[in-house]
Each structure stands twice: as structure tokens, then as C-alpha cells.
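*Asks:* work01.txt is reproduced below (compact mmCIF, C-alpha atoms).
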```
# COMPACT_ATOMS: atom_id res chain seq x y z
CA MET I 250 27.59 28.33 -38.95
CA THR I 251 28.64 25.59 -36.52
CA ASP I 252 27.64 21.94 -36.66
CA LEU I 253 25.43 22.46 -33.61
CA GLN I 254 23.62 25.37 -35.26
CA ASN I 255 23.05 23.28 -38.39
CA TYR I 256 21.78 20.41 -36.25
CA VAL I 257 19.31 22.61 -34.35
CA ASP I 258 18.12 24.21 -37.60
CA GLY I 259 17.36 20.72 -38.85
CA LEU I 260 15.33 19.92 -35.74
CA PHE I 261 13.18 22.99 -36.36
CA ARG I 262 12.88 22.64 -40.13
CA HIS I 263 9.13 21.85 -39.97
CA GLN I 264 8.31 24.63 -37.50
CA PRO I 265 7.27 28.19 -38.46
CA LEU I 266 10.03 30.68 -37.65
CA THR I 267 8.19 32.81 -35.09
CA PRO I 268 10.03 35.04 -32.58
CA GLU I 269 9.32 32.46 -29.87
CA ILE I 270 10.80 29.65 -32.00
CA GLN I 271 13.85 31.77 -32.81
CA ASP I 272 14.45 32.44 -29.10
CA LEU I 273 14.05 28.73 -28.33
CA LYS I 274 16.54 27.80 -31.08
CA GLU I 275 19.11 30.25 -29.75
CA GLU I 276 18.66 28.94 -26.21
CA ILE I 277 19.09 25.32 -27.34
CA VAL I 278 22.22 26.15 -29.37
CA SER I 279 23.67 28.00 -26.38
CA ASN I 280 22.96 25.06 -24.06
CA MET I 281 24.45 22.55 -26.51
CA MET I 282 27.59 24.64 -26.94
CA ALA I 283 27.95 24.86 -23.17
CA LYS I 284 27.52 21.09 -22.89
CA ARG I 285 30.09 20.50 -25.64
CA ASP I 286 32.59 22.85 -23.98
CA ASP I 287 32.06 21.12 -20.64
CA LEU I 288 32.71 17.70 -22.18
CA MET I 289 35.85 18.98 -23.90
CA ALA I 290 37.05 20.40 -20.58
CA GLN I 291 36.73 16.87 -19.19
CA GLY I 292 39.11 15.57 -21.86
CA MET I 293 36.75 14.54 -24.68
CA ASP I 294 37.77 15.49 -28.22
CA ALA I 295 35.74 18.12 -30.09
CA GLU I 296 34.05 15.74 -32.52
CA SER I 297 32.90 13.31 -29.81
CA ALA I 298 31.78 16.17 -27.56
CA THR I 299 29.73 17.68 -30.39
CA GLN I 300 28.10 14.32 -31.15
CA LYS I 301 27.32 13.81 -27.46
CA ALA I 302 25.70 17.24 -27.29
CA LYS I 303 23.53 16.40 -30.31
CA GLU I 304 22.44 13.09 -28.77
CA SER I 305 21.24 14.92 -25.68
CA LEU I 306 18.35 16.38 -27.72
CA PRO I 307 17.12 14.07 -30.52
CA ALA I 308 13.84 15.98 -31.01
CA VAL I 309 12.27 19.31 -30.06
CA ASP I 310 8.58 18.75 -30.78
CA PHE I 311 7.73 18.31 -27.11
CA LEU I 312 9.39 21.64 -26.27
CA ILE I 313 7.06 23.65 -28.51
CA ASP I 314 3.90 25.11 -27.02
CA GLY I 315 0.83 23.08 -27.94
CA ASN I 316 2.72 19.79 -28.28
CA GLN I 317 2.97 17.09 -25.66
CA LEU I 318 4.57 13.71 -25.11
CA THR I 319 1.65 11.28 -25.15
CA ASP I 320 1.11 7.68 -24.05
CA VAL I 321 -0.07 6.57 -27.50
CA GLY I 322 -1.34 3.12 -26.53
CA THR I 323 -3.59 4.31 -23.72
CA TYR I 324 -4.74 7.32 -25.74
CA ARG I 325 -5.81 5.21 -28.73
CA MET I 326 -7.54 2.67 -26.50
CA GLU I 327 -9.53 5.35 -24.68
CA CYS I 328 -10.42 7.04 -27.97
CA MET I 329 -11.78 3.73 -29.26
CA GLN I 330 -13.69 3.30 -26.02
CA SER I 331 -15.23 6.74 -26.55
CA VAL I 332 -16.20 5.82 -30.12
CA LEU I 333 -17.88 2.65 -28.85
CA LEU I 334 -19.77 4.52 -26.14
CA ASN I 335 -21.04 7.15 -28.58
CA CYS I 336 -22.07 4.45 -31.06
CA VAL I 337 -24.09 2.76 -28.32
CA LEU I 338 -25.75 6.07 -27.40
CA PHE I 339 -26.49 6.79 -31.07
CA TRP I 340 -28.10 3.37 -31.42
CA ILE I 341 -30.19 3.82 -28.27
CA PHE I 342 -31.43 7.24 -29.33
CA SER I 343 -32.18 5.93 -32.82
CA LEU I 344 -34.51 3.18 -31.54
CA PRO I 345 -37.62 5.42 -31.77
CA LEU I 346 -37.03 5.49 -35.53
CA LEU I 347 -38.16 1.87 -35.65
CA PHE I 348 -41.68 3.14 -35.02
CA VAL I 349 -41.67 6.64 -36.50
CA GLY I 350 -39.17 7.59 -39.17
CA PRO I 351 -36.55 5.83 -41.29
CA ALA I 352 -36.00 2.58 -39.40
CA PHE I 353 -32.80 1.77 -41.31
CA LEU I 354 -30.91 4.36 -39.23
CA SER I 355 -31.54 2.27 -36.13
CA TYR I 356 -30.11 -0.76 -37.92
CA VAL I 357 -27.13 1.36 -38.96
CA GLY I 358 -26.65 2.25 -35.29
CA GLY I 359 -26.61 -1.44 -34.38
CA ILE I 360 -24.03 -2.16 -37.07
CA LEU I 361 -21.85 0.71 -35.83
CA VAL I 362 -21.98 -0.70 -32.30
CA LEU I 363 -20.86 -4.13 -33.54
CA ALA I 364 -18.07 -2.66 -35.66
CA ALA I 365 -16.81 -0.39 -32.87
CA GLY I 366 -17.04 -3.26 -30.37
CA CYS I 367 -14.96 -5.54 -32.61
CA ALA I 368 -12.38 -2.78 -33.15
CA TYR I 369 -12.18 -2.14 -29.40
CA ALA I 370 -11.74 -5.85 -28.65
CA TRP I 371 -9.00 -6.15 -31.27
CA MET I 372 -7.13 -3.14 -29.86
CA LYS I 373 -7.49 -4.49 -26.33
CA TYR I 374 -5.82 -7.78 -27.24
CA HIS I 375 -3.26 -6.13 -29.54
CA PRO I 376 -2.08 -3.19 -27.40
CA VAL I 377 0.28 -0.57 -28.79
CA ASN I 378 3.01 0.59 -26.44
CA GLY I 379 5.16 3.66 -26.72
CA VAL I 380 5.03 7.42 -26.65
CA ALA I 381 4.81 10.06 -29.34
CA VAL I 382 4.62 13.82 -29.59
CA LEU I 383 1.08 14.88 -30.48
CA SER I 384 -0.32 18.36 -30.95
CA VAL I 385 -2.95 19.45 -28.45
CA THR I 386 -3.38 22.65 -30.44
CA ALA I 387 -4.22 20.75 -33.65
CA SER I 388 -6.61 18.46 -31.77
CA GLU I 389 -8.42 21.43 -30.25
CA ARG I 390 -8.59 23.09 -33.66
CA ARG I 391 -10.17 19.97 -35.16
CA ARG I 392 -12.67 19.82 -32.31
CA LYS I 393 -13.78 23.41 -32.88
CA LEU I 394 -13.95 22.92 -36.66
CA VAL I 395 -16.14 19.82 -36.33
CA TRP I 396 -18.51 21.67 -33.99
CA VAL I 397 -18.75 24.60 -36.42
CA ILE I 398 -19.45 22.29 -39.37
CA TRP I 399 -22.04 20.36 -37.36
CA GLY I 400 -23.69 23.58 -36.19
CA LEU I 401 -24.03 24.84 -39.75
CA PHE I 402 -25.31 21.43 -40.90
CA PHE I 403 -27.93 21.33 -38.15
CA LEU I 404 -29.12 24.89 -38.77
CA VAL I 405 -29.44 24.29 -42.52
CA SER I 406 -31.13 20.91 -42.05
CA ALA I 407 -33.54 22.19 -39.41
CA GLY I 408 -34.30 25.24 -41.53
CA MET I 409 -35.06 23.11 -44.57
CA MET I 410 -37.26 20.79 -42.51
CA ALA I 411 -39.15 23.78 -41.12
CA ALA I 412 -39.60 25.22 -44.59
CA VAL I 413 -40.89 21.94 -46.02
CA THR I 414 -43.18 21.28 -43.04
CA PHE I 415 -44.59 24.72 -42.31
CA GLY I 416 -43.62 26.76 -45.38
CA SER I 417 -46.96 26.67 -47.18
CA ASN I 418 -48.91 27.47 -44.01
CA LEU I 419 -46.77 30.48 -43.27
CA TRP I 420 -46.77 31.63 -46.90
CA PHE I 421 -50.55 31.58 -47.22
CA GLY I 422 -51.16 32.70 -43.66
CA ARG I 423 -52.86 29.49 -42.62
CA PRO I 424 -52.58 28.26 -39.03
CA VAL I 425 -50.30 25.33 -38.43
CA SER I 426 -52.43 22.28 -37.78
CA ILE I 427 -51.21 18.95 -36.44
CA SER I 428 -53.88 16.29 -36.29
CA GLY I 429 -53.07 13.77 -33.62
CA PRO I 430 -50.03 12.44 -31.77
CA TYR I 431 -48.77 10.33 -34.68
CA GLU I 432 -48.47 13.35 -36.97
CA MET I 433 -46.84 15.30 -34.14
CA ALA I 434 -44.30 12.51 -33.70
CA SER I 435 -43.72 12.43 -37.46
CA VAL I 436 -43.02 16.18 -37.52
CA ALA I 437 -40.75 15.94 -34.47
CA MET I 438 -38.74 13.16 -36.12
CA ARG I 439 -37.90 15.43 -39.04
CA PHE I 440 -35.96 17.64 -36.64
CA TYR I 441 -34.75 14.71 -34.54
CA LEU I 442 -32.86 13.14 -37.43
CA PRO I 443 -30.25 15.91 -37.87
CA LEU I 444 -30.00 16.25 -34.09
CA LEU I 445 -28.87 12.61 -33.86
CA THR I 446 -25.66 13.53 -35.68
CA ILE I 447 -24.53 15.46 -32.59
CA PHE I 448 -22.66 12.32 -31.55
CA VAL I 449 -20.07 13.10 -34.24
CA PRO I 450 -18.79 16.35 -32.67
CA LEU I 451 -19.21 14.85 -29.20
CA THR I 452 -16.83 12.05 -30.20
CA PHE I 453 -14.24 14.45 -31.61
CA GLY I 454 -14.56 16.55 -28.47
CA SER I 455 -13.72 13.54 -26.34
CA PHE I 456 -10.55 12.94 -28.38
CA SER I 457 -9.23 16.36 -27.43
CA ARG I 458 -10.00 15.81 -23.75
CA LEU I 459 -8.42 12.35 -23.74
CA LEU I 460 -5.26 13.66 -25.41
CA THR I 461 -4.67 16.08 -22.55
CA LYS I 462 -5.44 13.34 -20.03
CA ASN I 463 -2.83 10.98 -21.51
CA ARG I 464 0.10 13.37 -21.42
CA LYS I 465 3.17 11.33 -20.55
CA GLY I 466 4.27 12.18 -17.04
CA GLY I 467 1.08 14.11 -16.30
CA GLU I 468 0.25 11.73 -13.49
CA ASP I 469 3.33 12.90 -11.65
CA GLU I 470 2.30 16.52 -11.53
```
Written as C-alpha cells, that's how I'd like the structure from this file.
*Replies:*
Amino acid sequence: MTDLQNYVDGLFRHQPLTPEIQDLKEEIVSNMMAKRDDLMAQGMDAESATQKAKESLPAVDFLIDGNQLTDVGTYRMECMQSVLLNCVLFWIFSLPLLFVGPAFLSYVGGILVLAAGCAYAWMKYHPVNGVAVLSVTASERRRKLVWVIWGLFFLVSAGMMAAVTFGSNLWFGRPVSISGPYEMASVAMRFYLPLLTIFVPLTFGSFSRLLTKNRKGGEDE
């Protein structure tokens, strides 16, 4: 096994050896060998030509499907901006709880807005520059997982609320009776509380979208 083959194997050491990866490895080795031979034909010694060929490809993450070269600073800033926006929306939609329901959740929303605002301001005045290879596939997988977990949580929570609120009426065959608007609002809030948590998957969903948006060089396409 040549030095170039060993070098390319090292670049792919964290990647699963799928047929596509194997083909990519073979193509890279072939290109590096051609580059080395071309440099040697120009008078460079074998060792220097091999080193020059290696330096032409310091990493392969961005060549693998699902990965992309990302403007990290802008991506993180926009993610923090999304967190701040969703915290503000959560706080606004939690304001009715001050009158009907657990009021402390509205105060929690206000605290989250302040914390996210401070974090956003700090990141704005301490920007991070540079690029990195990030996985769009992994981000999309996290987004889907969070939505599945939230969906199960909401169904279970709503089901439990329905059982506690209407269970005895349904069990004994009594009609559901709600006396007045205040009681109606109180019942509605029991289902509104788990619905408020939808801002969690919405935030994770925005991360995935922003990652694609901040692909390095995407603005040139």
C-alpha cells in the first residue's frame, strides 16, 4: 500500500465504508497519484511530489453527501436570532396564562426572552469567523426526531388531560357540562399548555433550514 493510499485511508477513517465511499476513495487516490506523477515529470523529487499531492486535499468531509462547508459565524448568529424570536413568541402566547392557568410559565417566558436577548447581544459583539464542515443529514435527522418526540409528548399530554377532564363523564355516560366562559377557558388551557411547547421543534426546524442557507459559496450558485 502506497503512502497516498495510507493517507486517503486516514482521511476516511471516521466514515462508514459504503460502496459510494469506496468509489470516492479510489477516485481520490487515482487523482493524487496523477498529480504526484505530474509533479515528478516537472522535476520534483518523489517525496516532495507526494507531500504536495497530500496537501492538495487536507480533508474530505465536504466531499461526502450530506456534508457541507458552512459559514459558522453567520450560521450561529442566525440560529441565536431564531432562538430569540421563538422565545418572544412563546412569551407572547403564554401571556393568557396570567389570567387563566399557571402564571409562572408567562414569567418563565419573559426570563427566556431576556436570556436569549443577552446571548444574542453577546454573540453580535463577539462574532465568530471561519468555516467548518457540518452535516446537513444529521441536522435533518435531529429535526425529524424532535418533531416525533414532541408529537408523542403532545398526544400523551392531551390524552391525559382529556381523560382527567372528561373521563368520569364518559365512563358514567353523563353529558359533558361546562358552566360558563371561565370554566371553558380553564378547560381550554389544559390543552393549551402542552401546545405551547411546539416552539421547541419549531426552533430545531429553523436550525436545519438555516444550515442549508449558510452553505459556504451557496450565494454564488
*Asks:* Please provide as a list in words all residues within 9 Å of Phe453 in chain I, with the sequence filter that same-chain residues fewer than 3 positions apart are discarded (counting all atoms listed in the file).
*Replies:*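 The residues that qualify are Val332, Ser388, Arg391, Arg392, Val395, Trp396, Phe448, Val449, Pro450, Phe456 and Ser457 of chain I.
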*Asks:* Pick out the residues sitting within 10 Å of Ile447 in chain I, and hand them over as a ChimeraX atom specification; count only C-alpha atoms, and ignore anything fewer than 6 positions along from it in its own chain.
*Replies:* /I:335,339,396,399-400,403
*Asks:* What is the CA of Val380 in chain I-CA of Thr319 in chain I distance in Å, reported with one decimal?
*Replies:*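 Spanning CA of Val380 in chain I to CA of Thr319 in chain I is a straight-line distance of 5.3 Å.
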*Asks:* What residues have an atom no more than 10 Å from (33.8, 21.7, -33.4) in the file's own frame, counting all atoms listed in the file, and can you write them as number ranges by chain?
*Replies:* I: 251-253, 282, 285-286, 294-300
*Asks:* Which residues are close to range 367-372 of chain I, i.e. within 8 Å by all atoms listed in the file, leaving aside same-chain residues fewer than 2 positions away? Reply as a ChimeraX atom specification.
*Replies:* /I:326,329-330,333,363-365,374-377
*Asks:* Find, counting all atoms listed in the file, the residue in I:Pro351, I:Asn316, I:Thr461, I:Leu334 that gets nearest to Ala381 in chain I.
*Replies:*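 Distance minimum relative to Ala381 in chain I lands on I:Asn316.
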*Asks:* Nearest to Gln271 in chain I among I:Val436, I:Val257, I:Ala411, I:Ala290, with distances taken over all atoms listed in the file: which residue is it?
*Replies:* I:Val257
*Asks:* Around (3.5, 4.3, -26.7), as given in the file, which residues come within 12 Å? Count only C-alpha atoms and list them as number ranges by chain.
*Replies:* I: 318-326, 376-383, 463-465
*Asks:* Can you work out which one of I:Ala437, I:Val357, I:Leu394, I:Val385 has the shortest atom-to-atom distance to Ala407 in chain I, counting only C-alpha atoms?
*Replies:* I:Ala437
*Asks:* Kindly give the distance, in Å, that separates CA of Glu276 in chain I and CA of Gly259 in chain I, rounded to a single decimal.
*Replies:*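 If I compute the distance from CA of Glu276 in chain I to CA of Gly259 in chain I, I get 15.1 Å.
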*Asks:* Interatomic distance between CA of Met289 in chain I and CA of Phe261 in chain I?
*Replies:*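 Interatomic distance, CA of Met289 in chain I to CA of Phe261 in chain I: 26.2 Å.
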*Asks:* Need a file for range 323-362 of chain I from that block: N, CA and C atoms, written as a short mmCIF file (atom, residue, chain, number, x, y, z; two decimals), in the first residue's frame.
*Replies:*
```cif
data_model
loop_
_atom_site.label_atom_id
_atom_site.label_comp_id
_atom_site.auth_asym_id
_atom_site.auth_seq_id
_atom_site.Cartn_x
_atom_site.Cartn_y
_atom_site.Cartn_z
N THR I 323 -21.96 33.19 10.74
CA THR I 323 -23.30 33.63 10.34
C THR I 323 -24.35 32.61 10.76
N TYR I 324 -24.03 31.34 10.61
CA TYR I 324 -24.98 30.28 10.98
C TYR I 324 -25.33 30.35 12.47
N ARG I 325 -24.33 30.47 13.32
CA ARG I 325 -24.59 30.53 14.76
C ARG I 325 -25.37 31.79 15.13
N MET I 326 -25.04 32.90 14.50
CA MET I 326 -25.75 34.14 14.79
C MET I 326 -27.23 34.03 14.40
N GLU I 327 -27.50 33.47 13.23
CA GLU I 327 -28.88 33.34 12.79
C GLU I 327 -29.65 32.31 13.63
N CYS I 328 -28.96 31.27 14.08
CA CYS I 328 -29.60 30.31 14.98
C CYS I 328 -29.99 30.99 16.29
N MET I 329 -29.11 31.82 16.83
CA MET I 329 -29.41 32.53 18.06
C MET I 329 -30.55 33.50 17.85
N GLN I 330 -30.60 34.11 16.69
CA GLN I 330 -31.69 35.02 16.35
C GLN I 330 -33.02 34.26 16.31
N SER I 331 -32.98 33.05 15.77
CA SER I 331 -34.18 32.22 15.73
C SER I 331 -34.63 31.82 17.13
N VAL I 332 -33.67 31.49 17.99
CA VAL I 332 -33.99 31.16 19.38
C VAL I 332 -34.67 32.35 20.06
N LEU I 333 -34.11 33.54 19.86
CA LEU I 333 -34.69 34.75 20.45
C LEU I 333 -36.11 34.98 19.96
N LEU I 334 -36.32 34.85 18.65
CA LEU I 334 -37.65 35.07 18.08
C LEU I 334 -38.66 34.09 18.66
N ASN I 335 -38.27 32.82 18.77
CA ASN I 335 -39.20 31.82 19.29
C ASN I 335 -39.46 32.00 20.78
N CYS I 336 -38.47 32.50 21.51
CA CYS I 336 -38.68 32.81 22.92
C CYS I 336 -39.69 33.95 23.08
N VAL I 337 -39.56 34.96 22.20
CA VAL I 337 -40.52 36.08 22.24
C VAL I 337 -41.93 35.59 21.93
N LEU I 338 -42.05 34.73 20.92
CA LEU I 338 -43.37 34.20 20.56
C LEU I 338 -43.94 33.34 21.68
N PHE I 339 -43.08 32.53 22.31
CA PHE I 339 -43.53 31.72 23.44
C PHE I 339 -44.05 32.61 24.57
N TRP I 340 -43.32 33.68 24.84
CA TRP I 340 -43.73 34.59 25.91
C TRP I 340 -45.07 35.26 25.59
N ILE I 341 -45.22 35.70 24.33
CA ILE I 341 -46.47 36.36 23.92
C ILE I 341 -47.65 35.40 24.06
N PHE I 342 -47.47 34.18 23.58
CA PHE I 342 -48.57 33.22 23.64
C PHE I 342 -48.80 32.67 25.05
N SER I 343 -47.86 32.92 25.95
CA SER I 343 -48.06 32.49 27.33
C SER I 343 -48.72 33.55 28.19
N LEU I 344 -48.89 34.76 27.66
CA LEU I 344 -49.49 35.85 28.43
C LEU I 344 -50.90 35.53 28.93
N PRO I 345 -51.74 34.81 28.17
CA PRO I 345 -53.07 34.47 28.71
C PRO I 345 -53.01 33.67 30.01
N LEU I 346 -51.89 33.01 30.26
CA LEU I 346 -51.76 32.22 31.49
C LEU I 346 -51.73 33.11 32.73
N LEU I 347 -51.48 34.39 32.54
CA LEU I 347 -51.51 35.31 33.69
C LEU I 347 -52.91 35.42 34.27
N PHE I 348 -53.91 35.12 33.43
CA PHE I 348 -55.29 35.26 33.87
C PHE I 348 -55.97 33.92 34.10
N VAL I 349 -55.63 32.94 33.27
CA VAL I 349 -56.20 31.59 33.42
C VAL I 349 -55.07 30.59 33.25
N GLY I 350 -54.73 29.90 34.31
CA GLY I 350 -53.68 28.89 34.22
C GLY I 350 -52.49 29.23 35.09
N PRO I 351 -51.44 28.42 34.99
CA PRO I 351 -50.23 28.66 35.79
C PRO I 351 -49.47 29.89 35.29
N ALA I 352 -49.58 30.98 36.02
CA ALA I 352 -48.99 32.26 35.59
C ALA I 352 -47.47 32.20 35.53
N PHE I 353 -46.85 31.29 36.28
CA PHE I 353 -45.39 31.27 36.34
C PHE I 353 -44.78 30.98 34.97
N LEU I 354 -45.53 30.27 34.09
CA LEU I 354 -45.00 29.98 32.76
C LEU I 354 -44.82 31.25 31.94
N SER I 355 -45.67 32.23 32.16
CA SER I 355 -45.50 33.50 31.47
C SER I 355 -44.25 34.21 31.96
N TYR I 356 -43.98 34.13 33.27
CA TYR I 356 -42.75 34.71 33.82
C TYR I 356 -41.52 33.98 33.29
N VAL I 357 -41.65 32.65 33.15
CA VAL I 357 -40.55 31.87 32.57
C VAL I 357 -40.28 32.34 31.14
N GLY I 358 -41.37 32.60 30.38
CA GLY I 358 -41.20 33.10 29.02
C GLY I 358 -40.45 34.42 28.99
N GLY I 359 -40.78 35.31 29.93
CA GLY I 359 -40.07 36.59 30.00
C GLY I 359 -38.60 36.41 30.31
N ILE I 360 -38.30 35.49 31.22
CA ILE I 360 -36.90 35.21 31.57
C ILE I 360 -36.14 34.64 30.38
N LEU I 361 -36.80 33.75 29.63
CA LEU I 361 -36.17 33.17 28.44
C LEU I 361 -35.86 34.24 27.40
N VAL I 362 -36.78 35.20 27.24
CA VAL I 362 -36.54 36.30 26.30
C VAL I 362 -35.32 37.11 26.71
#
```
